[in-house]
Amino acid sequence: MSDFKGQLGQYKIIRTKDNSPTLWSEFFDENCHSDHGAYSETIYNYIEGCKILTRPISSILEIGYGLGIGLKATLEQYNPDQNHPLHFVSVELDQELVEWSKKNVQCENFDFSRLELRDQVYQFENESLKVDIIIGDATTTLKQTPLPSFNAIYQDAFSPKKNPALWSVEWFEMLKDLAAQDCILSTYSASVSIRKSLLEAGWHPHSHKGFAGKRERTSAHLVGPADESLERRLRASAAQALRRN
Ligand SMILES: C[S@@+](CC[C@H](N)C(=O)[O-])C[C@H]1O[C@@H](n2cnc3c(N)ncnc32)[C@H](O)[C@@H]1O
């Protein structure tokens, strides 16, 4: 496994403690995952966080394709050949990352080299699985692409400090328009500002124990019981929701 140059500068591939790789991006100056384990973190925050294996799921939206670990973990845990058919959509700024995953990711239930680029979307489709990885800035591409209503959203952008556009009230309002009524959005972040962004966009945030040494993570729902005490504390907090302008 080696370092490589993409459209957004240099990347370093780093082994995490569960032996899965993560990526350091020069452009964002940040790692994609916890060094405690990229694969285990993905299972914890997204497969378990969005309850992928315990309720009916037909479509998942991932924010940030990175090295493709979200897709690999999803297909290894939820085998669409033995379940409801699945439509997995991801978004990614840098096409070179998808090219890297086509050559390097080994997955029990899916051959990544079969992803084919057509009209700026890497695509695969058979009777049980459809994959679309949309290349470009997700703040515009998601508005331009016909999409299903999603049962689950993996909010896996870089941190709010490094990638603020993908944590703003306007961003979460757009995700709300793409969400099915039963949608669970899950993220590793527990920042008060991003929870306020979710709340102001019409989501109900909930707090959960975080992965490995991390104290908390966040999920958000559109319907179902709200955590009134958390919402009161967020409204009273001096921290500001993130706004695009
Ligand atoms: C934390 S990494 C995602 C890791 C990935 N989920 C995985 O499992 O390998 C965040 C990714 O979001 C991408 N990204 C950042 N800003 C973006 C934007 N505006 N639109 C689309 N992708 C973006 C970055 O290039 C990076 O690959």
# chains A, B, ... in the order shown; residues from 1 in each chain; ligands from 1
call {"tool": "residues_near_ligand", "arguments": {"ligand": "ligand 1", "cutoff": "6 Å", "atoms": "only C-alpha atoms and all ligand atoms", "output": "ChimeraX atom specification"}}
result
/A:32,64-70,91-94,136-139,156-158
call {"tool": "residues_around", "arguments": {"residues": "segment 206-211 of chain A", "least_positions_apart": "2", "cutoff": "10 Å", "atoms": "only C-alpha atoms", "output": "number ranges by chain"}}
result
A: 34, 36-37, 40-45, 49, 186-190, 195, 203-204, 213-221, 225-228, 230-231
call {"tool": "closest_residue", "arguments": {"among": "A:Arg244, A:His87, A:Lys102, A:Arg118", "to": "Ala165 of chain A", "atoms": "only C-alpha atoms"}}
result
A:Arg244
call {"tool": "select_by_dssp", "arguments": {"residues": "segment 15-217 of chain A", "states": "helix (DSSP H, G or I)", "output": "compact mmCIF listing (two decimals) with all heavy atoms, in the first residue's frame"}}
result
# COMPACT_ATOMS: atom_id res chain seq x y z
N ALA A 38 -10.33 1.82 11.27
CA ALA A 38 -11.23 2.44 10.29
C ALA A 38 -12.47 1.57 10.05
O ALA A 38 -13.60 2.05 10.02
CB ALA A 38 -10.46 2.64 8.98
N TYR A 39 -12.23 0.25 9.91
CA TYR A 39 -13.34 -0.66 9.62
C TYR A 39 -14.27 -0.77 10.83
O TYR A 39 -15.50 -0.63 10.72
CB TYR A 39 -12.80 -2.03 9.22
CG TYR A 39 -13.84 -2.98 8.66
CD1 TYR A 39 -14.20 -2.91 7.31
CD2 TYR A 39 -14.43 -3.95 9.46
CE1 TYR A 39 -15.14 -3.79 6.78
CE2 TYR A 39 -15.37 -4.83 8.94
CZ TYR A 39 -15.73 -4.75 7.60
OH TYR A 39 -16.66 -5.61 7.07
N SER A 40 -13.68 -0.97 12.03
CA SER A 40 -14.51 -1.11 13.24
C SER A 40 -15.27 0.17 13.53
O SER A 40 -16.41 0.14 13.98
CB SER A 40 -13.68 -1.43 14.48
OG SER A 40 -12.52 -2.10 14.16
N GLU A 41 -14.64 1.32 13.26
CA GLU A 41 -15.34 2.59 13.49
C GLU A 41 -16.54 2.72 12.55
O GLU A 41 -17.61 3.21 12.94
CB GLU A 41 -14.37 3.76 13.28
CG GLU A 41 -15.04 5.10 13.56
CD GLU A 41 -14.17 6.31 13.21
OE1 GLU A 41 -13.32 6.21 12.32
OE2 GLU A 41 -14.38 7.36 13.84
N THR A 42 -16.35 2.27 11.30
CA THR A 42 -17.44 2.35 10.32
C THR A 42 -18.61 1.47 10.74
O THR A 42 -19.78 1.86 10.64
CB THR A 42 -16.89 1.93 8.93
OG1 THR A 42 -15.81 2.80 8.61
CG2 THR A 42 -17.95 2.01 7.86
N ILE A 43 -18.30 0.27 11.23
CA ILE A 43 -19.37 -0.62 11.71
C ILE A 43 -20.11 0.06 12.87
O ILE A 43 -21.34 0.09 12.90
CB ILE A 43 -18.78 -1.96 12.22
CG1 ILE A 43 -17.97 -2.65 11.15
CG2 ILE A 43 -19.87 -2.85 12.83
CD1 ILE A 43 -18.70 -3.57 10.26
N TYR A 44 -19.34 0.61 13.80
CA TYR A 44 -19.94 1.20 15.01
C TYR A 44 -20.79 2.44 14.66
O TYR A 44 -21.96 2.54 15.05
CB TYR A 44 -18.83 1.57 16.00
CG TYR A 44 -19.36 2.10 17.30
CD1 TYR A 44 -19.73 1.22 18.33
CD2 TYR A 44 -19.53 3.46 17.51
CE1 TYR A 44 -20.25 1.70 19.52
CE2 TYR A 44 -20.05 3.95 18.70
CZ TYR A 44 -20.41 3.07 19.69
OH TYR A 44 -20.93 3.54 20.88
N ASN A 45 -20.18 3.38 13.93
CA ASN A 45 -20.87 4.66 13.70
C ASN A 45 -22.00 4.56 12.68
O ASN A 45 -22.99 5.29 12.78
CB ASN A 45 -19.88 5.72 13.21
CG ASN A 45 -19.01 6.26 14.33
OD1 ASN A 45 -19.39 6.21 15.50
ND2 ASN A 45 -17.84 6.77 13.98
N TYR A 46 -21.82 3.69 11.67
CA TYR A 46 -22.79 3.73 10.56
C TYR A 46 -23.67 2.48 10.46
O TYR A 46 -24.89 2.62 10.41
CB TYR A 46 -22.03 4.03 9.25
CG TYR A 46 -21.28 5.34 9.41
CD1 TYR A 46 -19.89 5.39 9.39
CD2 TYR A 46 -21.98 6.50 9.70
CE1 TYR A 46 -19.22 6.58 9.62
CE2 TYR A 46 -21.31 7.70 9.94
CZ TYR A 46 -19.94 7.74 9.90
OH TYR A 46 -19.28 8.91 10.16
N ILE A 47 -23.06 1.27 10.45
CA ILE A 47 -23.90 0.07 10.32
C ILE A 47 -24.78 -0.07 11.57
O ILE A 47 -26.00 -0.24 11.47
CB ILE A 47 -23.04 -1.22 10.15
CG1 ILE A 47 -21.94 -1.03 9.11
CG2 ILE A 47 -23.93 -2.42 9.84
CD1 ILE A 47 -22.36 -0.79 7.72
N GLU A 48 -24.14 0.06 12.74
CA GLU A 48 -24.93 -0.01 13.99
C GLU A 48 -25.65 1.32 14.23
O GLU A 48 -26.82 1.34 14.60
CB GLU A 48 -24.03 -0.37 15.17
CG GLU A 48 -23.49 -1.79 15.05
CD GLU A 48 -22.46 -2.16 16.12
OE1 GLU A 48 -22.23 -1.38 17.06
OE2 GLU A 48 -21.87 -3.25 15.98
N ILE A 69 -14.49 2.46 2.48
CA ILE A 69 -14.68 1.55 3.63
C ILE A 69 -16.15 1.48 4.03
O ILE A 69 -16.64 0.43 4.45
CB ILE A 69 -13.76 1.96 4.79
CG1 ILE A 69 -12.32 1.72 4.32
CG2 ILE A 69 -14.05 1.15 6.06
CD1 ILE A 69 -11.26 2.13 5.26
N GLY A 70 -16.88 2.58 3.85
CA GLY A 70 -18.33 2.57 4.15
C GLY A 70 -19.05 1.57 3.25
O GLY A 70 -19.90 0.78 3.71
N LEU A 71 -18.71 1.55 1.97
CA LEU A 71 -19.35 0.61 1.03
C LEU A 71 -18.94 -0.82 1.34
O LEU A 71 -19.78 -1.74 1.39
CB LEU A 71 -18.98 1.00 -0.41
CG LEU A 71 -19.52 0.09 -1.51
CD1 LEU A 71 -21.05 0.02 -1.48
CD2 LEU A 71 -19.06 0.58 -2.90
N LYS A 72 -17.64 -1.03 1.57
CA LYS A 72 -17.15 -2.39 1.88
C LYS A 72 -17.82 -2.94 3.14
O LYS A 72 -18.36 -4.05 3.14
CB LYS A 72 -15.62 -2.34 2.07
CG LYS A 72 -15.00 -3.63 2.62
CD LYS A 72 -13.49 -3.45 2.78
CE LYS A 72 -12.88 -4.45 3.75
NZ LYS A 72 -12.75 -5.80 3.26
N ALA A 73 -17.82 -2.15 4.22
CA ALA A 73 -18.39 -2.63 5.48
C ALA A 73 -19.89 -2.89 5.33
O ALA A 73 -20.41 -3.89 5.82
CB ALA A 73 -18.14 -1.60 6.59
N THR A 74 -20.57 -2.02 4.60
CA THR A 74 -22.02 -2.20 4.41
C THR A 74 -22.30 -3.51 3.69
O THR A 74 -23.15 -4.31 4.11
CB THR A 74 -22.61 -1.02 3.61
OG1 THR A 74 -22.35 0.18 4.34
CG2 THR A 74 -24.11 -1.17 3.41
N LEU A 75 -21.56 -3.77 2.61
CA LEU A 75 -21.86 -4.96 1.81
C LEU A 75 -21.37 -6.24 2.49
O LEU A 75 -21.93 -7.31 2.25
CB LEU A 75 -21.26 -4.82 0.41
CG LEU A 75 -21.87 -3.67 -0.40
CD1 LEU A 75 -21.24 -3.58 -1.77
CD2 LEU A 75 -23.38 -3.82 -0.53
N GLU A 76 -20.37 -6.14 3.35
CA GLU A 76 -19.94 -7.34 4.08
C GLU A 76 -20.90 -7.66 5.22
O GLU A 76 -21.03 -8.82 5.61
CB GLU A 76 -18.49 -7.17 4.58
CG GLU A 76 -17.53 -7.27 3.39
CD GLU A 76 -16.06 -7.17 3.74
OE1 GLU A 76 -15.73 -6.74 4.86
OE2 GLU A 76 -15.23 -7.51 2.88
N GLN A 77 -21.55 -6.64 5.77
CA GLN A 77 -22.49 -6.89 6.88
C GLN A 77 -23.90 -7.17 6.36
O GLN A 77 -24.62 -8.01 6.88
CB GLN A 77 -22.55 -5.66 7.81
CG GLN A 77 -21.21 -5.29 8.43
CD GLN A 77 -20.68 -6.36 9.37
OE1 GLN A 77 -21.43 -6.87 10.20
NE2 GLN A 77 -19.42 -6.72 9.22
N PRO A 80 -26.80 -7.87 0.11
CA PRO A 80 -28.08 -7.63 -0.59
C PRO A 80 -28.60 -8.87 -1.32
O PRO A 80 -29.80 -8.96 -1.57
CB PRO A 80 -27.77 -6.50 -1.58
CG PRO A 80 -26.35 -6.18 -1.44
CD PRO A 80 -25.72 -7.03 -0.39
N ASP A 81 -27.72 -9.83 -1.63
CA ASP A 81 -28.21 -11.07 -2.27
C ASP A 81 -29.11 -11.85 -1.33
O ASP A 81 -29.94 -12.64 -1.76
CB ASP A 81 -27.03 -11.97 -2.66
CG ASP A 81 -26.27 -11.38 -3.83
OD1 ASP A 81 -26.88 -10.60 -4.60
OD2 ASP A 81 -25.07 -11.69 -3.97
N GLN A 82 -28.95 -11.65 0.00
CA GLN A 82 -29.76 -12.40 0.98
C GLN A 82 -30.74 -11.48 1.71
O GLN A 82 -31.31 -11.86 2.72
CB GLN A 82 -28.83 -13.05 2.01
CG GLN A 82 -27.95 -14.10 1.38
CD GLN A 82 -26.75 -14.43 2.25
OE1 GLN A 82 -26.64 -14.00 3.40
NE2 GLN A 82 -25.85 -15.20 1.70
N GLN A 95 -12.09 12.05 -7.63
CA GLN A 95 -12.23 10.82 -8.41
C GLN A 95 -11.10 9.82 -8.19
O GLN A 95 -11.28 8.62 -8.28
CB GLN A 95 -12.24 11.28 -9.88
CG GLN A 95 -12.46 10.24 -10.88
CD GLN A 95 -12.53 10.87 -12.27
OE1 GLN A 95 -12.86 12.03 -12.43
NE2 GLN A 95 -12.24 10.07 -13.26
N GLU A 96 -9.88 10.36 -7.88
CA GLU A 96 -8.72 9.47 -7.71
C GLU A 96 -8.92 8.50 -6.55
O GLU A 96 -8.34 7.42 -6.52
CB GLU A 96 -7.44 10.28 -7.47
CG GLU A 96 -6.98 11.09 -8.66
CD GLU A 96 -6.76 10.23 -9.90
OE1 GLU A 96 -6.24 9.11 -9.76
OE2 GLU A 96 -7.14 10.69 -10.98
N LEU A 97 -9.74 8.89 -5.56
CA LEU A 97 -9.98 8.00 -4.43
C LEU A 97 -10.81 6.78 -4.87
O LEU A 97 -10.55 5.65 -4.44
CB LEU A 97 -10.70 8.75 -3.30
CG LEU A 97 -9.89 9.88 -2.67
CD1 LEU A 97 -10.70 10.57 -1.58
CD2 LEU A 97 -8.59 9.36 -2.09
N VAL A 98 -11.76 7.00 -5.73
CA VAL A 98 -12.57 5.87 -6.23
C VAL A 98 -11.68 4.97 -7.09
O VAL A 98 -11.74 3.74 -6.99
CB VAL A 98 -13.80 6.36 -7.02
CG1 VAL A 98 -14.70 5.17 -7.35
CG2 VAL A 98 -14.57 7.41 -6.23
N GLU A 99 -10.82 5.60 -7.88
CA GLU A 99 -9.88 4.80 -8.69
C GLU A 99 -8.98 3.95 -7.78
O GLU A 99 -8.72 2.79 -8.06
CB GLU A 99 -9.03 5.71 -9.58
CG GLU A 99 -9.80 6.35 -10.73
CD GLU A 99 -10.31 5.32 -11.74
OE1 GLU A 99 -9.70 4.25 -11.87
OE2 GLU A 99 -11.36 5.60 -12.38
N TRP A 100 -8.54 4.54 -6.67
CA TRP A 100 -7.70 3.79 -5.72
C TRP A 100 -8.50 2.59 -5.19
O TRP A 100 -7.99 1.47 -5.14
CB TRP A 100 -7.26 4.71 -4.56
CG TRP A 100 -6.37 4.02 -3.58
CD1 TRP A 100 -5.01 3.99 -3.60
CD2 TRP A 100 -6.77 3.21 -2.46
NE1 TRP A 100 -4.53 3.22 -2.55
CE2 TRP A 100 -5.59 2.73 -1.84
CE3 TRP A 100 -7.99 2.85 -1.91
CZ2 TRP A 100 -5.60 1.91 -0.70
CZ3 TRP A 100 -8.01 2.02 -0.78
CH2 TRP A 100 -6.83 1.57 -0.20
N SER A 101 -9.76 2.83 -4.82
CA SER A 101 -10.55 1.73 -4.22
C SER A 101 -10.80 0.62 -5.24
O SER A 101 -10.82 -0.55 -4.89
CB SER A 101 -11.87 2.25 -3.64
OG SER A 101 -12.80 2.56 -4.67
N LYS A 102 -10.95 0.99 -6.51
CA LYS A 102 -11.18 -0.04 -7.55
C LYS A 102 -10.01 -1.01 -7.61
O LYS A 102 -10.16 -2.19 -7.88
CB LYS A 102 -11.37 0.63 -8.93
CG LYS A 102 -12.71 1.31 -9.09
CD LYS A 102 -12.88 1.87 -10.49
CE LYS A 102 -12.73 0.77 -11.53
NZ LYS A 102 -13.22 1.16 -12.86
N LYS A 103 -8.82 -0.49 -7.36
CA LYS A 103 -7.62 -1.34 -7.46
C LYS A 103 -7.28 -2.04 -6.15
O LYS A 103 -6.67 -3.10 -6.16
CB LYS A 103 -6.41 -0.49 -7.87
CG LYS A 103 -6.50 0.03 -9.28
CD LYS A 103 -5.19 0.72 -9.69
CE LYS A 103 -5.46 1.79 -10.71
NZ LYS A 103 -5.36 3.15 -10.20
N ASN A 104 -7.65 -1.46 -5.03
CA ASN A 104 -7.10 -1.93 -3.75
C ASN A 104 -8.09 -2.54 -2.77
O ASN A 104 -7.66 -3.24 -1.85
CB ASN A 104 -6.40 -0.76 -3.04
CG ASN A 104 -5.16 -0.32 -3.79
OD1 ASN A 104 -4.13 -1.01 -3.77
ND2 ASN A 104 -5.26 0.78 -4.50
N PHE A 112 -14.99 -4.36 -6.41
CA PHE A 112 -14.91 -2.90 -6.60
C PHE A 112 -14.44 -2.53 -8.01
O PHE A 112 -14.74 -1.44 -8.49
CB PHE A 112 -13.99 -2.27 -5.55
CG PHE A 112 -14.68 -1.94 -4.25
CD1 PHE A 112 -15.27 -2.93 -3.48
CD2 PHE A 112 -14.75 -0.63 -3.79
CE1 PHE A 112 -15.91 -2.63 -2.28
CE2 PHE A 112 -15.39 -0.31 -2.60
CZ PHE A 112 -15.97 -1.32 -1.84
N SER A 113 -13.68 -3.44 -8.65
CA SER A 113 -13.16 -3.09 -9.99
C SER A 113 -14.29 -3.00 -11.02
O SER A 113 -14.11 -2.50 -12.12
CB SER A 113 -12.11 -4.09 -10.44
OG SER A 113 -12.72 -5.33 -10.72
N ARG A 114 -15.50 -3.45 -10.65
CA ARG A 114 -16.62 -3.38 -11.59
C ARG A 114 -17.34 -2.03 -11.59
O ARG A 114 -18.28 -1.83 -12.36
CB ARG A 114 -17.61 -4.52 -11.29
CG ARG A 114 -16.95 -5.88 -11.57
CD ARG A 114 -17.92 -7.00 -11.42
NE ARG A 114 -18.96 -6.97 -12.45
CZ ARG A 114 -20.04 -7.73 -12.42
NH1 ARG A 114 -20.23 -8.58 -11.44
NH2 ARG A 114 -20.93 -7.66 -13.38
N ALA A 138 -20.57 17.81 -3.28
CA ALA A 138 -21.89 17.29 -2.91
C ALA A 138 -22.91 18.39 -2.65
O ALA A 138 -24.11 18.15 -2.77
CB ALA A 138 -21.77 16.41 -1.67
N THR A 139 -22.45 19.61 -2.31
CA THR A 139 -23.43 20.67 -2.06
C THR A 139 -24.17 21.03 -3.35
O THR A 139 -25.27 21.56 -3.30
CB THR A 139 -22.78 21.95 -1.46
OG1 THR A 139 -21.79 22.43 -2.37
CG2 THR A 139 -22.13 21.67 -0.11
N THR A 140 -23.57 20.71 -4.51
CA THR A 140 -24.31 20.93 -5.77
C THR A 140 -24.74 19.61 -6.42
O THR A 140 -25.86 19.50 -6.91
CB THR A 140 -23.49 21.76 -6.79
OG1 THR A 140 -22.20 21.18 -6.90
CG2 THR A 140 -23.36 23.19 -6.38
N THR A 141 -23.86 18.58 -6.40
CA THR A 141 -24.22 17.34 -7.14
C THR A 141 -25.49 16.70 -6.60
O THR A 141 -26.29 16.16 -7.36
CB THR A 141 -23.08 16.29 -7.09
OG1 THR A 141 -22.78 15.99 -5.73
CG2 THR A 141 -21.85 16.75 -7.83
N LEU A 142 -25.70 16.77 -5.27
CA LEU A 142 -26.88 16.10 -4.70
C LEU A 142 -28.17 16.79 -5.15
O LEU A 142 -29.24 16.18 -5.14
CB LEU A 142 -26.79 16.04 -3.18
CG LEU A 142 -25.88 14.96 -2.60
CD1 LEU A 142 -25.83 15.05 -1.08
CD2 LEU A 142 -26.32 13.55 -3.02
N LYS A 143 -28.07 18.07 -5.53
CA LYS A 143 -29.27 18.79 -6.00
C LYS A 143 -29.57 18.47 -7.45
O LYS A 143 -30.68 18.65 -7.93
CB LYS A 143 -29.07 20.30 -5.87
CG LYS A 143 -29.05 20.78 -4.44
CD LYS A 143 -28.94 22.29 -4.41
CE LYS A 143 -28.69 22.76 -2.99
NZ LYS A 143 -27.73 23.86 -2.92
N GLN A 144 -28.52 18.00 -8.17
CA GLN A 144 -28.68 17.83 -9.62
C GLN A 144 -28.99 16.40 -10.02
O GLN A 144 -29.22 16.12 -11.19
CB GLN A 144 -27.38 18.26 -10.33
CG GLN A 144 -27.10 19.74 -10.20
CD GLN A 144 -25.64 20.07 -10.48
OE1 GLN A 144 -24.79 19.19 -10.57
NE2 GLN A 144 -25.35 21.35 -10.61
N PRO A 164 -16.55 22.74 6.80
CA PRO A 164 -17.76 23.32 7.42
C PRO A 164 -19.00 23.30 6.53
O PRO A 164 -20.12 23.20 7.05
CB PRO A 164 -17.35 24.76 7.76
CG PRO A 164 -16.13 25.03 6.94
CD PRO A 164 -15.44 23.72 6.72
N ALA A 165 -18.81 23.37 5.19
CA ALA A 165 -19.99 23.41 4.30
C ALA A 165 -20.86 22.16 4.46
O ALA A 165 -22.07 22.20 4.22
CB ALA A 165 -19.54 23.55 2.85
N LEU A 166 -20.24 21.04 4.88
CA LEU A 166 -20.99 19.79 4.99
C LEU A 166 -21.55 19.57 6.41
O LEU A 166 -21.92 18.44 6.77
CB LEU A 166 -20.15 18.59 4.54
CG LEU A 166 -19.61 18.63 3.11
CD1 LEU A 166 -19.08 17.26 2.68
CD2 LEU A 166 -20.65 19.10 2.10
N TRP A 167 -21.63 20.65 7.19
CA TRP A 167 -22.20 20.55 8.54
C TRP A 167 -23.14 21.72 8.82
O TRP A 167 -23.53 21.95 9.97
CB TRP A 167 -21.08 20.55 9.60
CG TRP A 167 -20.11 19.41 9.47
CD1 TRP A 167 -18.93 19.43 8.77
CD2 TRP A 167 -20.21 18.09 10.02
NE1 TRP A 167 -18.30 18.21 8.87
CE2 TRP A 167 -19.06 17.36 9.65
CE3 TRP A 167 -21.17 17.44 10.83
CZ2 TRP A 167 -18.83 16.04 10.02
CZ3 TRP A 167 -20.94 16.12 11.20
CH2 TRP A 167 -19.79 15.44 10.80
N VAL A 169 -26.50 24.38 8.58
CA VAL A 169 -27.97 24.25 8.62
C VAL A 169 -28.49 23.99 7.19
O VAL A 169 -29.33 23.10 6.97
CB VAL A 169 -28.61 25.55 9.18
CG1 VAL A 169 -30.13 25.46 9.15
CG2 VAL A 169 -28.10 25.81 10.59
N GLU A 170 -27.95 24.75 6.23
CA GLU A 170 -28.42 24.59 4.83
C GLU A 170 -28.14 23.18 4.32
O GLU A 170 -28.95 22.61 3.58
CB GLU A 170 -27.71 25.61 3.92
CG GLU A 170 -28.04 27.06 4.22
CD GLU A 170 -27.23 27.67 5.37
OE1 GLU A 170 -26.43 26.94 6.01
OE2 GLU A 170 -27.39 28.87 5.61
N TRP A 171 -26.98 22.62 4.69
CA TRP A 171 -26.62 21.25 4.29
C TRP A 171 -27.62 20.25 4.89
O TRP A 171 -28.16 19.39 4.20
CB TRP A 171 -25.19 20.95 4.76
CG TRP A 171 -24.78 19.52 4.60
CD1 TRP A 171 -24.65 18.61 5.61
CD2 TRP A 171 -24.47 18.84 3.39
NE1 TRP A 171 -24.26 17.39 5.10
CE2 TRP A 171 -24.15 17.51 3.74
CE3 TRP A 171 -24.43 19.22 2.04
CZ2 TRP A 171 -23.79 16.55 2.79
CZ3 TRP A 171 -24.08 18.27 1.09
CH2 TRP A 171 -23.76 16.95 1.48
N PHE A 172 -27.88 20.38 6.19
CA PHE A 172 -28.79 19.41 6.83
C PHE A 172 -30.23 19.60 6.35
O PHE A 172 -31.01 18.65 6.36
CB PHE A 172 -28.67 19.49 8.35
CG PHE A 172 -27.37 18.93 8.88
CD1 PHE A 172 -26.55 19.67 9.71
CD2 PHE A 172 -26.96 17.64 8.53
CE1 PHE A 172 -25.35 19.14 10.19
CE2 PHE A 172 -25.75 17.10 9.00
CZ PHE A 172 -24.95 17.86 9.83
N GLU A 173 -30.59 20.84 5.91
CA GLU A 173 -31.93 21.03 5.31
C GLU A 173 -32.01 20.26 3.99
O GLU A 173 -33.03 19.62 3.69
CB GLU A 173 -32.19 22.53 5.04
CG GLU A 173 -32.59 23.26 6.30
CD GLU A 173 -32.62 24.78 6.13
OE1 GLU A 173 -32.09 25.32 5.12
OE2 GLU A 173 -33.15 25.44 7.04
N MET A 174 -30.91 20.29 3.22
CA MET A 174 -30.92 19.55 1.96
C MET A 174 -31.02 18.05 2.23
O MET A 174 -31.77 17.33 1.57
CB MET A 174 -29.67 19.88 1.15
CG MET A 174 -29.71 19.25 -0.23
SD MET A 174 -28.25 19.58 -1.18
CE MET A 174 -27.06 18.65 -0.31
N LEU A 175 -30.26 17.56 3.24
CA LEU A 175 -30.32 16.12 3.56
C LEU A 175 -31.73 15.73 4.03
O LEU A 175 -32.21 14.63 3.75
CB LEU A 175 -29.28 15.74 4.62
CG LEU A 175 -27.82 15.86 4.20
CD1 LEU A 175 -26.92 15.24 5.28
CD2 LEU A 175 -27.54 15.18 2.86
N LYS A 176 -32.39 16.65 4.73
CA LYS A 176 -33.76 16.37 5.19
C LYS A 176 -34.68 16.14 3.99
O LYS A 176 -35.52 15.24 4.00
CB LYS A 176 -34.24 17.57 6.02
CG LYS A 176 -35.56 17.35 6.69
CD LYS A 176 -35.88 18.53 7.57
CE LYS A 176 -37.38 18.60 7.76
NZ LYS A 176 -37.84 19.89 8.18
N ASP A 177 -34.50 16.93 2.94
CA ASP A 177 -35.33 16.76 1.73
C ASP A 177 -35.05 15.42 1.04
O ASP A 177 -35.86 14.95 0.25
CB ASP A 177 -35.07 17.90 0.74
CG ASP A 177 -35.61 19.22 1.26
OD1 ASP A 177 -36.47 19.19 2.17
OD2 ASP A 177 -35.16 20.27 0.76
N LEU A 178 -33.86 14.84 1.29
CA LEU A 178 -33.52 13.56 0.64
C LEU A 178 -33.85 12.36 1.52
O LEU A 178 -33.63 11.22 1.13
CB LEU A 178 -32.01 13.53 0.34
CG LEU A 178 -31.49 14.56 -0.66
CD1 LEU A 178 -29.97 14.51 -0.73
CD2 LEU A 178 -32.08 14.29 -2.04
N VAL A 192 -21.38 20.60 19.67
CA VAL A 192 -22.63 21.31 19.98
C VAL A 192 -23.10 22.06 18.73
O VAL A 192 -24.29 22.09 18.41
CB VAL A 192 -22.42 22.27 21.17
CG1 VAL A 192 -23.65 23.12 21.42
CG2 VAL A 192 -22.05 21.48 22.42
N SER A 193 -22.16 22.66 18.00
CA SER A 193 -22.54 23.44 16.81
C SER A 193 -23.22 22.58 15.76
O SER A 193 -24.21 22.99 15.15
CB SER A 193 -21.32 24.11 16.19
OG SER A 193 -20.84 25.08 17.05
N ILE A 194 -22.70 21.36 15.52
CA ILE A 194 -23.34 20.55 14.46
C ILE A 194 -24.69 20.03 14.95
O ILE A 194 -25.62 19.88 14.18
CB ILE A 194 -22.42 19.44 13.89
CG1 ILE A 194 -22.28 18.24 14.84
CG2 ILE A 194 -21.07 19.96 13.47
CD1 ILE A 194 -23.18 17.08 14.50
N ARG A 195 -24.79 19.79 16.27
CA ARG A 195 -26.10 19.37 16.79
C ARG A 195 -27.11 20.52 16.65
O ARG A 195 -28.28 20.30 16.36
CB ARG A 195 -25.97 18.92 18.25
CG ARG A 195 -25.26 17.57 18.35
CD ARG A 195 -25.09 17.11 19.78
NE ARG A 195 -24.56 15.75 19.83
CZ ARG A 195 -24.26 15.10 20.94
NH1 ARG A 195 -24.42 15.68 22.11
NH2 ARG A 195 -23.80 13.87 20.90
N LYS A 196 -26.63 21.76 16.85
CA LYS A 196 -27.52 22.91 16.65
C LYS A 196 -27.90 23.06 15.18
O LYS A 196 -29.04 23.38 14.85
CB LYS A 196 -26.87 24.20 17.16
CG LYS A 196 -27.00 24.35 18.67
CD LYS A 196 -26.60 25.73 19.14
CE LYS A 196 -27.80 26.62 19.39
NZ LYS A 196 -27.53 27.71 20.34
N SER A 197 -26.93 22.81 14.28
CA SER A 197 -27.24 22.87 12.84
C SER A 197 -28.35 21.86 12.50
O SER A 197 -29.30 22.18 11.79
CB SER A 197 -26.00 22.53 11.99
OG SER A 197 -24.99 23.48 12.15
N LEU A 198 -28.21 20.63 13.05
CA LEU A 198 -29.22 19.60 12.79
C LEU A 198 -30.59 20.06 13.30
O LEU A 198 -31.60 19.98 12.59
CB LEU A 198 -28.82 18.29 13.49
CG LEU A 198 -27.76 17.43 12.79
CD1 LEU A 198 -27.13 16.44 13.76
CD2 LEU A 198 -28.35 16.69 11.58
N LEU A 199 -30.61 20.56 14.54
CA LEU A 199 -31.87 20.98 15.17
C LEU A 199 -32.52 22.10 14.36
O LEU A 199 -33.72 22.05 14.07
CB LEU A 199 -31.55 21.44 16.60
CG LEU A 199 -32.73 21.70 17.52
CD1 LEU A 199 -33.54 20.42 17.73
CD2 LEU A 199 -32.22 22.21 18.88
N GLU A 200 -31.73 23.10 13.98
CA GLU A 200 -32.30 24.23 13.23
C GLU A 200 -32.75 23.83 11.84
O GLU A 200 -33.59 24.49 11.24
CB GLU A 200 -31.29 25.39 13.18
CG GLU A 200 -31.13 26.02 14.55
CD GLU A 200 -30.27 27.27 14.58
OE1 GLU A 200 -30.06 27.91 13.53
OE2 GLU A 200 -29.80 27.60 15.69
call {"tool": "residues_around", "arguments": {"residues": "segment 55-61 of chain A", "least_positions_apart": "6", "cutoff": "7 Å", "atoms": "only C-alpha atoms", "output": "list in words"}}
result
His84, Pro85, Leu86, His87, Phe88, Val89, Ser90, Phe150, Asn151, Ala152, Ile153 and Tyr154 of chain A
call {"tool": "closest_residue", "arguments": {"among": "A:Gln7, A:Ser20, A:Gln123, A:Ser191", "to": "Ala239 of chain A", "atoms": "only C-alpha atoms"}}
result
A:Ser191
call {"tool": "select_by_dssp", "arguments": {"residues": "segment 186-223 of chain A", "states": "strand (DSSP E or B)", "output": "MDAnalysis selection string"}}
result
chainID A and resid 186:187 204:209 216:221
call {"tool": "closest_residue", "arguments": {"among": "A:Cys50, A:Ala212, A:Leu23, A:Ala238", "to": "Gly6 of chain A", "atoms": "only C-alpha atoms"}}
result
A:Leu23
call {"tool": "residues_around", "arguments": {"residues": "segment 9-17 of chain A", "least_positions_apart": "4", "cutoff": "9 Å", "atoms": "only C-alpha atoms", "output": "PyMOL selection string"}}
result
chain A and resi 1-5+21-27+31+33-39
